[in-house]
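Report on the following structure.
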Amino acid sequence: MQINTHLFGELNITEKDLINFPEGIPGFESDKQYILLPLEEKAPFYYLQSVNTSDLCLLMIDPFMFFSDYQIELSESAIKQLQLPSDKPPIAVYCILTIPGDFKLATANLMAPIIINAEKKLGLQFISEKTDYITKHPIFPAAKPVAEEGK
């Protein structure tokens, strides 16, 4: 199958490349299917490209590469929605970036990570209700935290 994208042009993908977000992503509820594209091999940056909307592409990071002590506790409803087994759940965790004019000031949304069941290709944006994480946490140490929104 071929999809058109704003950043990558036309891409050939297969059914196994599709990640289904049954509820969509907050703000993009009508887009239910995405593909995950690494920025570069072994890089901590990824694109989450909508299959249906060519200009909907979110830049994400592997949060553990930037925040070694990052932890989330999924709710029972999120575990059920992702169809995760109780032993060794096959999850991948990403955080959406906000990038101002200067990339050095990029921030990650640690409060609402993208969680993907890697085996079943199911995803959701999990919004933590009881957390000290914020939606705009600087990914580079020299940057100062942006307003503590989302607490």
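By convention here, the chains of the structure tokens are called A, B, ... in the order presented, each chain's residues are numbered starting at 1, and ligands are numbered starting at 1 in the order presented.
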
Quiz item: Do you know which residues are at most 12 Å from Met65 in chain A counting only C-alpha atoms, after dropping those on the same chain fewer than 2 positions away, and could you put them as an MDAnalysis selection string?
Solution: chainID A and resid 42:45 60:63 67:70 93:95 139:140

Okay, now the selection with C-alpha atoms, as an mmCIF file, in the first residue's frame?
data_model
loop_
_atom_site.group_PDB
_atom_site.id
_atom_site.type_symbol
_atom_site.label_atom_id
_atom_site.label_comp_id
_atom_site.auth_asym_id
_atom_site.auth_seq_id
_atom_site.Cartn_x
_atom_site.Cartn_y
_atom_site.Cartn_z
ATOM 1 C CA LYS A 42 19.980 3.789 16.340
ATOM 2 C CA ALA A 43 18.865 7.380 16.934
ATOM 3 C CA PRO A 44 16.501 8.222 19.821
ATOM 4 C CA PHE A 45 14.193 10.230 17.521
ATOM 5 C CA MET A 60 8.960 11.699 19.250
ATOM 6 C CA ILE A 61 11.810 10.480 21.408
ATOM 7 C CA ASP A 62 12.637 7.361 23.325
ATOM 8 C CA PRO A 63 12.339 9.029 26.749
ATOM 9 C CA PHE A 67 15.564 10.649 31.191
ATOM 10 C CA SER A 68 17.063 7.463 32.650
ATOM 11 C CA ASP A 69 14.787 7.550 35.702
ATOM 12 C CA TYR A 70 11.564 8.087 33.701
ATOM 13 C CA VAL A 93 7.185 4.115 25.051
ATOM 14 C CA TYR A 94 7.689 7.413 23.225
ATOM 15 C CA CYS A 95 7.198 11.057 24.126
ATOM 16 C CA ILE A 139 15.351 17.307 26.604
ATOM 17 C CA PHE A 140 18.725 19.023 26.724
#

Quiz item: Where does DSSP see strand (DSSP E) in range 10-141 of chain A, if you list the residues as a PyMOL selection string?
Solution: chain A and resi 10-12+19-20+33-38+45-50+57-61+91-98+107-108+114-117+122-125+137-138

Quiz item: Gln49 in chain A: which residues within 9 Å, counting only C-alpha atoms, same-chain residues fewer than 6 positions away excluded, as a list in words?
Solution: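 The residues satisfying every condition are Thr5, Gln33, Tyr34, Ile35, Leu36, Leu37, Asp55, Leu56, Cys57, Leu58 and Leu59 of chain A.
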
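Between CA of Ile134 in chain A and CA of Ile25 in chain A lies a distance of 18.0 Å.
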
Glu119 in chain A surroundings by only C-alpha atoms, 9 Å radius, close-in-sequence under 2 positions cut, as a CSV table (one decimal) with C-alpha atoms, in the first residue's frame:
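In the end it all went to part-v7.csv:
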chain,number,residue,atom,x,y,z
A,90,PRO,CA,5.7,-6.0,24.8
A,91,ILE,CA,5.4,-2.2,25.1
A,116,ILE,CA,2.5,0.9,21.8
A,117,ASN,CA,1.9,-2.8,22.2
A,121,LYS,CA,0.4,-3.0,17.0
A,122,LEU,CA,-2.0,-1.1,19.2
